[in-house]
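Pasted below: start_31.cif, mmCIF, C-alpha atoms.
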```cif
data_target
loop_
_atom_site.group_PDB
_atom_site.id
_atom_site.type_symbol
_atom_site.label_atom_id
_atom_site.label_comp_id
_atom_site.auth_asym_id
_atom_site.auth_seq_id
_atom_site.Cartn_x
_atom_site.Cartn_y
_atom_site.Cartn_z
ATOM 1 C CA MET A 1 131.028 129.252 91.710
ATOM 2 C CA ASP A 2 129.205 129.810 88.472
ATOM 3 C CA ILE A 3 126.729 127.065 89.245
ATOM 4 C CA LEU A 4 125.103 129.046 92.069
ATOM 5 C CA TYR A 5 123.939 131.660 89.573
ATOM 6 C CA LYS A 6 122.634 129.297 86.907
ATOM 7 C CA PRO A 7 118.903 128.553 86.549
ATOM 8 C CA TRP A 8 117.722 125.006 87.270
ATOM 9 C CA PRO A 9 116.232 122.612 84.719
ATOM 10 C CA TRP A 10 112.584 121.595 85.189
ATOM 11 C CA TYR A 11 113.523 118.106 86.427
ATOM 12 C CA VAL A 12 115.308 119.633 89.437
ATOM 13 C CA ALA A 13 112.836 122.421 90.268
ATOM 14 C CA GLY A 14 109.656 120.353 89.721
ATOM 15 C CA PRO A 15 110.343 117.448 92.110
ATOM 16 C CA LEU A 16 111.620 119.861 94.775
ATOM 17 C CA LEU A 17 108.394 121.902 94.551
ATOM 18 C CA GLY A 18 106.341 118.700 94.727
ATOM 19 C CA LEU A 19 108.145 117.520 97.863
ATOM 20 C CA SER A 20 106.662 120.433 99.809
ATOM 21 C CA VAL A 21 103.267 118.677 99.743
ATOM 22 C CA PRO A 22 104.240 115.577 101.817
ATOM 23 C CA VAL A 23 106.585 117.687 103.968
ATOM 24 C CA LEU A 24 103.781 120.079 104.992
ATOM 25 C CA LEU A 25 101.403 117.178 105.656
ATOM 26 C CA TRP A 26 104.075 115.454 107.733
ATOM 27 C CA LEU A 27 104.839 118.607 109.710
ATOM 28 C CA GLY A 28 101.258 119.155 110.824
ATOM 29 C CA ASN A 29 98.631 118.039 108.316
ATOM 30 C CA LYS A 30 98.992 121.337 106.478
ATOM 31 C CA ARG A 31 97.725 121.675 102.923
ATOM 32 C CA LEU A 32 100.018 123.461 100.480
ATOM 33 C CA GLY A 33 98.282 126.678 99.478
ATOM 34 C CA ILE A 34 99.523 130.180 98.849
ATOM 35 C CA SER A 35 96.562 132.324 97.742
ATOM 36 C CA SER A 36 95.035 131.619 101.180
ATOM 37 C CA THR A 37 97.671 133.925 102.689
ATOM 38 C CA MET A 38 96.022 136.892 100.949
ATOM 39 C CA ARG A 39 92.788 135.951 102.709
ATOM 40 C CA HIS A 40 94.680 135.852 106.015
ATOM 41 C CA LEU A 41 96.053 139.335 105.310
ATOM 42 C CA CYS A 42 92.502 140.607 104.743
ATOM 43 C CA ALA A 43 91.292 138.926 107.937
ATOM 44 C CA MET A 44 94.200 140.458 109.814
ATOM 45 C CA VAL A 45 94.049 144.004 108.465
ATOM 46 C CA ALA A 46 90.483 144.746 107.343
ATOM 47 C CA PRO A 47 87.946 141.999 108.119
ATOM 48 C CA ALA A 48 85.149 144.612 107.831
ATOM 49 C CA ARG A 49 82.510 142.164 109.157
ATOM 50 C CA ILE A 50 82.757 140.134 105.960
ATOM 51 C CA PRO A 51 81.937 136.452 106.662
ATOM 52 C CA LEU A 52 84.884 135.247 104.508
ATOM 53 C CA PHE A 53 87.280 137.054 106.835
ATOM 54 C CA GLN A 54 85.704 136.053 110.161
ATOM 55 C CA TYR A 55 87.967 133.320 111.450
ATOM 56 C CA ASN A 56 90.985 132.938 113.674
ATOM 57 C CA TRP A 57 93.769 133.846 111.234
ATOM 58 C CA LYS A 58 96.317 133.368 113.999
ATOM 59 C CA ALA A 59 95.715 129.636 113.667
ATOM 60 C CA GLU A 60 97.073 129.993 110.110
ATOM 61 C CA THR A 61 100.347 131.585 111.179
ATOM 62 C CA TRP A 62 102.234 128.640 109.680
ATOM 63 C CA ASN A 63 100.917 129.680 106.247
ATOM 64 C CA LEU A 64 102.224 133.233 106.634
ATOM 65 C CA VAL A 65 105.572 131.907 107.872
ATOM 66 C CA PHE A 66 105.727 129.580 104.855
ATOM 67 C CA VAL A 67 105.281 132.461 102.377
ATOM 68 C CA ALA A 68 107.817 134.526 104.341
ATOM 69 C CA GLY A 69 110.133 131.633 103.486
ATOM 70 C CA ILE A 70 109.233 131.970 99.786
ATOM 71 C CA LEU A 71 110.177 135.642 100.045
ATOM 72 C CA ILE A 72 113.560 134.722 101.553
ATOM 73 C CA GLY A 73 114.034 132.004 98.929
ATOM 74 C CA GLY A 74 113.317 134.589 96.236
ATOM 75 C CA ALA A 75 115.861 136.943 97.818
ATOM 76 C CA LEU A 76 118.507 134.212 97.754
ATOM 77 C CA ALA A 77 117.812 132.695 94.335
ATOM 78 C CA GLY A 78 116.675 135.868 92.590
ATOM 79 C CA GLY A 79 118.733 138.455 94.461
ATOM 80 C CA VAL A 80 122.018 137.206 95.932
ATOM 81 C CA PHE A 81 122.451 134.411 93.396
ATOM 82 C CA ALA A 82 120.391 135.916 90.572
ATOM 83 C CA ASN A 83 120.941 134.616 87.058
ATOM 84 C CA PRO A 84 122.545 137.546 85.183
ATOM 85 C CA GLU A 85 121.407 136.192 81.790
ATOM 86 C CA PRO A 86 117.958 136.722 80.243
ATOM 87 C CA VAL A 87 115.579 133.775 80.781
ATOM 88 C CA ALA A 88 116.365 131.147 78.149
ATOM 89 C CA VAL A 89 112.898 130.870 76.617
ATOM 90 C CA SER A 90 112.515 129.259 73.208
ATOM 91 C CA GLU A 91 113.289 131.128 69.982
ATOM 92 C CA ALA A 92 109.597 130.974 69.122
ATOM 93 C CA THR A 93 108.728 132.801 72.358
ATOM 94 C CA ARG A 94 111.463 135.399 71.743
ATOM 95 C CA ALA A 95 109.930 136.049 68.334
ATOM 96 C CA THR A 96 106.380 136.251 69.734
ATOM 97 C CA LEU A 97 107.431 138.736 72.422
ATOM 98 C CA THR A 98 109.458 140.801 69.971
ATOM 99 C CA GLY A 99 106.396 140.848 67.709
ATOM 100 C CA TRP A 100 104.435 142.320 70.634
ATOM 101 C CA GLY A 101 107.025 145.074 70.925
ATOM 102 C CA VAL A 102 108.631 143.591 74.048
ATOM 103 C CA SER A 103 112.252 144.097 72.985
ATOM 104 C CA ASN A 104 113.839 144.243 76.442
ATOM 105 C CA GLN A 105 113.504 140.631 77.620
ATOM 106 C CA THR A 106 115.714 140.805 80.710
ATOM 107 C CA GLY A 107 114.951 140.248 84.400
ATOM 108 C CA LEU A 108 111.931 138.359 85.760
ATOM 109 C CA VAL A 109 109.361 140.577 84.009
ATOM 110 C CA PRO A 110 109.729 142.987 81.056
ATOM 111 C CA PRO A 111 111.243 146.094 82.717
ATOM 112 C CA GLU A 112 109.437 148.513 80.401
ATOM 113 C CA LEU A 113 106.000 147.080 81.198
ATOM 114 C CA PHE A 114 106.370 146.354 84.911
ATOM 115 C CA SER A 115 107.853 149.431 86.557
ATOM 116 C CA TRP A 116 106.760 152.238 88.866
ATOM 117 C CA ALA A 117 106.841 154.617 85.911
ATOM 118 C CA SER A 118 104.612 152.401 83.765
ATOM 119 C CA LEU A 119 101.915 152.507 86.470
ATOM 120 C CA ALA A 120 100.965 155.846 84.985
ATOM 121 C CA SER A 121 100.230 154.177 81.627
ATOM 122 C CA LEU A 122 97.120 152.282 80.563
ATOM 123 C CA GLN A 123 99.240 149.196 79.799
ATOM 124 C CA GLY A 124 100.836 149.212 83.245
ATOM 125 C CA LEU A 125 97.452 149.640 84.950
ATOM 126 C CA LEU A 126 95.962 146.755 82.997
ATOM 127 C CA LEU A 127 98.896 144.385 83.522
ATOM 128 C CA MET A 128 99.623 145.125 87.186
ATOM 129 C CA GLY A 129 96.328 146.577 88.431
ATOM 130 C CA ALA A 130 93.671 144.573 86.607
ATOM 131 C CA GLY A 131 95.959 141.523 86.407
ATOM 132 C CA GLY A 132 96.706 141.568 90.134
ATOM 133 C CA PHE A 133 93.046 142.154 91.006
ATOM 134 C CA LEU A 134 91.945 139.175 88.877
ATOM 135 C CA VAL A 135 94.541 136.927 90.535
ATOM 136 C CA GLY A 136 93.264 137.835 94.000
ATOM 137 C CA PHE A 137 89.564 137.753 93.117
ATOM 138 C CA GLY A 138 89.786 134.614 91.001
ATOM 139 C CA THR A 139 91.876 132.516 93.367
ATOM 140 C CA ARG A 140 89.541 133.191 96.278
ATOM 141 C CA TYR A 141 86.430 132.471 94.203
ATOM 142 C CA ALA A 142 88.136 129.274 93.012
ATOM 143 C CA GLN A 143 89.354 128.516 96.550
ATOM 144 C CA GLY A 144 92.912 127.923 95.449
ATOM 145 C CA CYS A 145 95.655 128.763 93.006
ATOM 146 C CA THR A 146 98.384 126.977 91.104
ATOM 147 C CA SER A 147 99.820 125.566 94.328
ATOM 148 C CA GLY A 148 96.632 124.652 96.198
ATOM 149 C CA HIS A 149 94.782 123.198 93.208
ATOM 150 C CA GLY A 150 97.545 122.647 90.637
ATOM 151 C CA ILE A 151 100.036 120.864 92.897
ATOM 152 C CA PHE A 152 98.328 119.898 96.174
ATOM 153 C CA GLY A 153 94.870 119.157 94.779
ATOM 154 C CA LEU A 154 96.051 117.231 91.724
ATOM 155 C CA SER A 155 98.611 115.205 93.662
ATOM 156 C CA THR A 156 95.952 114.155 96.178
ATOM 157 C CA LEU A 157 93.664 113.148 93.301
ATOM 158 C CA GLN A 158 90.872 115.646 93.953
ATOM 159 C CA TRP A 159 88.742 116.123 90.873
ATOM 160 C CA PRO A 160 87.629 119.714 91.630
ATOM 161 C CA SER A 161 91.311 120.650 91.413
ATOM 162 C CA LEU A 162 91.545 119.102 87.949
ATOM 163 C CA VAL A 163 88.607 121.260 86.829
ATOM 164 C CA ALA A 164 90.248 124.300 88.439
ATOM 165 C CA THR A 165 93.666 123.687 86.880
ATOM 166 C CA ALA A 166 92.166 123.130 83.423
ATOM 167 C CA SER A 167 90.233 126.394 83.840
ATOM 168 C CA PHE A 168 93.377 128.279 84.985
ATOM 169 C CA PHE A 169 95.062 127.232 81.766
ATOM 170 C CA ALA A 170 92.031 127.940 79.592
ATOM 171 C CA GLY A 171 91.809 131.476 80.982
ATOM 172 C CA GLY A 172 95.546 132.046 80.655
ATOM 173 C CA ILE A 173 95.717 130.774 77.094
ATOM 174 C CA VAL A 174 92.826 132.976 75.920
ATOM 175 C CA VAL A 175 94.357 136.089 77.452
ATOM 176 C CA SER A 176 97.901 135.329 76.332
ATOM 177 C CA TYR A 177 96.785 134.681 72.744
ATOM 178 C CA PHE A 178 94.146 137.349 72.238
ATOM 179 C CA VAL A 179 94.121 139.972 74.983
ATOM 180 C CA LEU A 180 97.810 140.554 75.745
ATOM 181 C CA PRO A 181 98.752 141.351 72.126
ATOM 182 C CA PHE A 182 95.891 143.873 72.044
ATOM 183 C CA ILE A 183 96.909 145.521 75.331
ATOM 184 C CA LEU A 184 100.515 145.743 74.166
ATOM 185 C CA SER A 185 99.422 147.357 70.915
ATOM 186 C CA LEU A 186 97.689 150.228 72.755
ATOM 187 C CA MET B 1 109.921 125.266 116.967
ATOM 188 C CA LYS B 2 107.757 123.976 114.212
ATOM 189 C CA LEU B 3 107.371 127.439 112.668
ATOM 190 C CA LEU B 4 111.060 127.299 111.789
ATOM 191 C CA ALA B 5 110.390 124.105 109.841
ATOM 192 C CA TYR B 6 107.584 125.830 107.896
ATOM 193 C CA LEU B 7 109.946 128.727 107.201
ATOM 194 C CA LEU B 8 112.641 126.371 105.890
ATOM 195 C CA THR B 9 110.108 124.540 103.704
ATOM 196 C CA GLY B 10 109.057 127.914 102.323
ATOM 197 C CA ILE B 11 112.674 128.905 101.651
ATOM 198 C CA VAL B 12 113.320 125.712 99.674
ATOM 199 C CA PHE B 13 110.014 126.225 97.804
ATOM 200 C CA GLY B 14 110.964 129.825 97.011
ATOM 201 C CA ILE B 15 114.436 128.872 95.800
ATOM 202 C CA ALA B 16 113.060 126.092 93.573
ATOM 203 C CA LEU B 17 110.359 128.411 92.209
ATOM 204 C CA THR B 18 112.872 131.155 91.421
ATOM 205 C CA LYS B 19 115.741 128.998 90.132
ATOM 206 C CA GLY B 20 113.170 127.047 88.107
ATOM 207 C CA GLU B 21 112.202 130.370 86.468
ATOM 208 C CA ALA B 22 108.545 129.759 87.378
ATOM 209 C CA VAL B 23 108.511 133.343 88.675
ATOM 210 C CA THR B 24 109.164 134.905 85.270
ATOM 211 C CA TRP B 25 106.595 136.502 82.982
ATOM 212 C CA TYR B 26 108.543 135.110 80.012
ATOM 213 C CA ARG B 27 108.152 131.429 80.977
ATOM 214 C CA MET B 28 104.394 131.938 81.504
ATOM 215 C CA GLN B 29 103.900 133.324 78.001
ATOM 216 C CA GLU B 30 106.035 130.493 76.589
ATOM 217 C CA MET B 31 103.799 128.008 78.423
ATOM 218 C CA PHE B 32 100.498 129.578 77.313
ATOM 219 C CA HIS B 33 101.706 129.564 73.708
ATOM 220 C CA PHE B 34 102.928 125.946 73.898
ATOM 221 C CA GLN B 35 106.338 127.095 72.710
ATOM 222 C CA GLY B 36 108.434 125.284 75.284
ATOM 223 C CA PHE B 37 108.330 122.273 77.587
ATOM 224 C CA HIS B 38 109.932 123.898 80.643
ATOM 225 C CA MET B 39 106.827 124.834 82.699
ATOM 226 C CA TYR B 40 104.987 121.651 81.698
ATOM 227 C CA GLY B 41 108.056 119.711 82.826
ATOM 228 C CA ILE B 42 107.842 121.414 86.215
ATOM 229 C CA PHE B 43 104.151 120.539 86.665
ATOM 230 C CA MET B 44 104.615 117.024 85.303
ATOM 231 C CA THR B 45 107.390 116.262 87.801
ATOM 232 C CA ALA B 46 106.011 118.235 90.774
ATOM 233 C CA VAL B 47 102.608 116.537 90.811
ATOM 234 C CA PRO B 48 103.807 112.875 90.647
ATOM 235 C CA THR B 49 106.553 113.584 93.203
ATOM 236 C CA ALA B 50 103.954 115.077 95.546
ATOM 237 C CA ALA B 51 101.538 112.198 94.879
ATOM 238 C CA LEU B 52 104.195 109.569 95.581
ATOM 239 C CA GLY B 53 105.281 111.383 98.746
ATOM 240 C CA VAL B 54 101.702 111.633 100.027
ATOM 241 C CA TRP B 55 101.029 107.980 99.193
ATOM 242 C CA LEU B 56 104.156 106.825 101.040
ATOM 243 C CA LEU B 57 103.363 109.049 104.002
ATOM 244 C CA ARG B 58 99.796 107.759 104.239
ATOM 245 C CA ARG B 59 100.817 104.150 103.680
ATOM 246 C CA PHE B 60 103.717 103.949 106.090
ATOM 247 C CA GLY B 61 103.720 107.007 108.280
ATOM 248 C CA LYS B 62 102.028 109.483 110.534
ATOM 249 C CA THR B 63 102.578 113.198 110.973
ATOM 250 C CA ALA B 64 105.481 114.451 113.095
ATOM 251 C CA ASP B 65 103.048 114.602 116.037
ATOM 252 C CA GLY B 66 101.983 111.009 115.553
ATOM 253 C CA GLU B 67 98.587 111.854 114.064
ATOM 254 C CA ALA B 68 97.017 110.154 111.066
ATOM 255 C CA VAL B 69 97.514 112.026 107.800
ATOM 256 C CA ALA B 70 94.171 113.693 107.048
ATOM 257 C CA PHE B 71 92.893 116.852 105.407
ATOM 258 C CA PRO B 72 89.518 118.256 104.334
ATOM 259 C CA PRO B 73 88.729 117.650 100.645
ATOM 260 C CA LYS B 74 88.481 120.396 98.002
ATOM 261 C CA GLN B 75 84.856 121.348 97.373
ATOM 262 C CA PHE B 76 83.461 121.890 93.902
ATOM 263 C CA SER B 77 81.381 124.990 93.210
ATOM 264 C CA LYS B 78 80.628 127.269 90.280
ATOM 265 C CA GLY B 79 83.630 129.258 91.470
ATOM 266 C CA THR B 80 85.860 126.315 90.649
ATOM 267 C CA VAL B 81 85.220 127.156 86.995
ATOM 268 C CA ILE B 82 84.396 130.894 86.985
ATOM 269 C CA GLY B 83 86.944 131.895 89.609
ATOM 270 C CA SER B 84 89.602 129.736 87.994
ATOM 271 C CA LEU B 85 89.006 131.343 84.596
ATOM 272 C CA LEU B 86 89.282 134.808 86.172
ATOM 273 C CA PHE B 87 92.495 133.781 87.898
ATOM 274 C CA GLY B 88 93.784 132.430 84.571
ATOM 275 C CA PHE B 89 93.170 135.839 82.961
ATOM 276 C CA GLY B 90 95.202 137.519 85.703
ATOM 277 C CA TRP B 91 97.882 134.816 85.563
ATOM 278 C CA ALA B 92 98.586 135.609 81.902
ATOM 279 C CA LEU B 93 98.532 139.392 82.437
ATOM 280 C CA THR B 94 100.828 139.486 85.465
ATOM 281 C CA GLY B 95 102.833 136.448 84.314
ATOM 282 C CA ALA B 96 102.726 135.283 87.912
ATOM 283 C CA CYS B 97 100.560 133.593 90.505
ATOM 284 C CA PRO B 98 100.554 134.224 94.270
ATOM 285 C CA GLY B 99 103.725 132.211 95.051
ATOM 286 C CA PRO B 100 105.819 134.064 92.469
ATOM 287 C CA PHE B 101 104.543 137.410 93.797
ATOM 288 C CA TYR B 102 106.291 136.689 97.094
ATOM 289 C CA ALA B 103 109.434 135.415 95.365
ATOM 290 C CA GLN B 104 109.597 138.454 93.051
ATOM 291 C CA ILE B 105 109.232 140.853 95.968
ATOM 292 C CA GLY B 106 111.994 138.959 97.787
ATOM 293 C CA ALA B 107 114.181 139.143 94.687
ATOM 294 C CA GLY B 108 113.972 142.917 94.929
ATOM 295 C CA LEU B 109 111.358 143.576 92.249
ATOM 296 C CA SER B 110 109.648 146.311 94.248
ATOM 297 C CA VAL B 111 106.923 147.034 91.694
ATOM 298 C CA THR B 112 105.426 143.584 92.359
ATOM 299 C CA LEU B 113 104.287 145.111 95.671
ATOM 300 C CA VAL B 114 101.747 147.022 93.575
ATOM 301 C CA THR B 115 100.550 143.904 91.728
ATOM 302 C CA PHE B 116 100.344 142.078 95.053
ATOM 303 C CA ALA B 117 98.418 144.938 96.685
ATOM 304 C CA PHE B 118 95.870 144.731 93.855
ATOM 305 C CA ALA B 119 95.653 140.965 94.389
ATOM 306 C CA VAL B 120 94.908 141.458 98.092
ATOM 307 C CA LEU B 121 92.337 144.074 97.093
ATOM 308 C CA GLY B 122 90.814 141.539 94.695
ATOM 309 C CA THR B 123 90.621 138.989 97.509
ATOM 310 C CA TRP B 124 88.948 141.578 99.727
ATOM 311 C CA ALA B 125 86.518 142.563 96.979
ATOM 312 C CA TYR B 126 85.566 138.912 96.522
ATOM 313 C CA GLY B 127 84.778 138.756 100.231
ATOM 314 C CA HIS B 128 82.367 141.668 99.756
ATOM 315 C CA LEU B 129 80.689 140.266 96.645
ATOM 316 C CA GLN B 130 80.621 136.575 97.599
ATOM 317 C CA LYS B 131 76.939 136.619 98.578
ATOM 318 C CA TYR B 132 75.921 138.015 95.173
ATOM 319 C CA LEU B 133 77.941 135.554 93.083
ATOM 320 C CA PRO B 134 76.877 132.094 91.885
ATOM 321 C CA ALA B 135 78.185 129.599 94.441
#
```

Please lay out the structure from this file as structure tokens.
Amino acid sequence: MDILYKPWPWYVAGPLLGLSVPVLLWLGNKRLGISSTMRHLCAMVAPARIPLFQYNWKAETWNLVFVAGILIGGALAGGVFANPEPVAVSEATRATLTGWGVSNQTGLVPPELFSWASLASLQGLLLMGAGGFLVGFGTRYAQGCTSGHGIFGLSTLQWPSLVATASFFAGGIVVSYFVLPFILSL
Amino acid sequence: MKLLAYLLTGIVFGIALTKGEAVTWYRMQEMFHFQGFHMYGIFMTAVPTAALGVWLLRRFGKTADGEAVAFPPKQFSKGTVIGSLLFGFGWALTGACPGPFYAQIGAGLSVTLVTFAFAVLGTWAYGHLQKYLPA
């Protein structure tokens, strides 16, 4: 049953991810979006009289249930049936990462950089702390993330989502080229 | 029991995301450095599949409840550019976006709980600062 543990090529994973858009619309006119669940969590736990968090989050329960599904899917595909091999990135990427000092290239993230122990280091704080903060702050300011803009918005031909997706990539490219190597050299 | 259907859709999404390696820091760096086609292949098949599905649904169908397929449009604001750039910075640092956070936590990567907690904090901070930011 080797096949259960193997990663999937892009032409299997991509169409399956895309299918979620018509499925969610068919189920109840729901728009694919994942960063919105972090807003729901804020509204649920600490609305603090902030206008952004004053709404009936219970009406968005479907969204929270959907991401609970992603968690279960991750447990199945990345836990029970996890690929034991390192991710098969290109040789060029291997060389780039090795050049950054990332020698252990196993798991989903570099174990030396993303760990509880590395939280005590400047690198860990920048990657997990500042990185996580920017994801949460940026997606809400942009009103969507890779799923809401990059898949749902683009597939429904909404031009603001094209601007957003281009900006996601622009930001990511700049940081991956110029900022990450610096952080990893600290 | 429509919630069960949303859960199942999420499970399939999570499996595809994880088995497609879109939840790995390594694939994100490969993508940002244009060193591999994998992630571009995912986007370039996901978007047309979704577009075709939505077109067929709108052309020939209604929702499961018999309603017309309709949704509010995405609004453009300065945040569409500034917020997206900020998200892009975080995307490259964490090597993940919100969907992969959930999948990584499910896969047993407990430290992603920290990254995710910071992301929720970032969302909350945006709520506080929204009125001072260019809209």

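Atom CA of Arg31 of chain A sits 7.0 Å away from atom CA of Phe152 of chain A.
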
ask   = Quick one: which residues end up in the PyMOL selection byres ((chain A and resi 112-119) around 10) for this structure, as a PyMOL selection string?
value = (chain A and resi 102-106+108-111+120-129+184) or (chain B and resi 94+109-112+114-115)

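Here atom CA of Leu25 of chain A and atom CA of Arg58 of chain B stand 9.7 Å from one another.
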
request  = Go ahead and compute the interatomic distance for atom CA of Phe13 of chain B and atom CA of Ser176 of chain A, in Å to one decimal.
outcome  = 26.3 Å

query = What do you get, as JSON, numbers by chain, if you spell out every residue that the PyMOL selection byres ((chain B and resi 88) around 8) selects here?
reply = {"A": [135, 138, 167, 168, 169, 170, 171, 172, 173], "B": [84, 85, 86, 87, 89, 90, 91, 92]}

task = Please work out which residues fall within 12 Å of (81.8, 122.3, 94.0), coordinates as given in the file, with all atoms listed in the file counting, and return them as a ChimeraX atom specification.
result = /A:141-143,158-164 /B:73-83,134-135

inquiry  = With distances taken over all atoms listed in the file, which residue among A:Trp62, A:Trp100, A:Trp57, A:Phe81 lies nearest chain B?
reply    =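 Among the listed residues, the smallest separation from chain B belongs to A:Trp62.
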
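With the shown file loaded, the PyMOL selection byres ((chain B and resi 26) around 9) picks out Val87, Ala88, Val89, Thr93, Arg94, Leu97, Gln105, Leu108, Val109 and Pro110 of chain A; Glu21, Val23, Thr24, Trp25, Arg27, Met28, Gln29, Glu30, Met31 and Gly95 of chain B.
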
key: Long-range neighbours of Asp2 of chain A as a ChimeraX atom specification, 12 Å cut-off, all atoms listed in the file, 4 positions minimum in chain   = /A:6-7,81-84

Residues within 7 Å of segment 66-80 of chain A, all atoms listed in the file, excluding chain neighbours under 2 positions, as a ChimeraX atom specification = /A:62-64,82 /B:6-15,18-19,102-108

request  = Find the residues around Lys30 of chain A up to 10 Å (only C-alpha atoms counted), leave out those fewer than 4 positions away in its own chain, and share them as a list in words.
outcome  = Val21, Pro22, Val23, Leu24, Leu25, Trp26, Glu60, Trp62 and Asn63 of chain A; Tyr6, Thr63, Val69, Ala70 and Phe71 of chain B

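Nearest residue to Pro72 of chain B among A:Thr156, A:Leu186, A:Val175, A:Leu19 is A:Thr156, counting all atoms listed in the file.
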
For segment 32-65 of chain B against segment 10-18 of chain A, with a cut-off of 8 Å and counting only C-alpha atoms, what is the closest atom pair and its distance in Å to one decimal for every residue that makes the cut, ordered by chain and number, as a Markdown table?
```
| residue | atom | partner | partner_atom | distance |
| --- | --- | --- | --- | --- |
| B:His38 | CA | A:Trp10 | CA | 5.7 |
| B:Met39 | CA | A:Trp10 | CA | 7.1 |
| B:Gly41 | CA | A:Trp10 | CA | 5.4 |
| B:Ile42 | CA | A:Gly14 | CA | 4.1 |
| B:Phe43 | CA | A:Gly14 | CA | 6.3 |
| B:Met44 | CA | A:Gly14 | CA | 7.5 |
| B:Thr45 | CA | A:Gly14 | CA | 5.1 |
| B:Ala46 | CA | A:Gly18 | CA | 4.0 |
| B:Val47 | CA | A:Gly18 | CA | 5.8 |
| B:Pro48 | CA | A:Gly18 | CA | 7.5 |
| B:Thr49 | CA | A:Gly18 | CA | 5.3 |
| B:Ala50 | CA | A:Gly18 | CA | 4.4 |
```

message = When you count only C-alpha atoms, which of these residues is closest to chain B: A:Ala59, A:Leu180, A:Ala95, A:Ile3?
response = A:Leu180

message = Between A:Gly131, A:Gly101, A:Pro51, A:Pro86, which residue has the minimum interatomic distance to chain B, considering all atoms listed in the file?
response =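 Under the stated criterion, the closest residue is A:Gly131.
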
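For the set B:Ala16, B:Ala96, B:Leu129, B:Ala22, the residue with the smallest atom-to-atom gap to chain A is B:Ala16, counting all atoms listed in the file.
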
message = Ranking A:Gly136, A:Pro47, A:Gly33, A:Gly107 by minimum distance to chain B and counting all atoms listed in the file, which one comes first?
response =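 The shortest atom-to-atom distance to chain B comes from A:Gly136.
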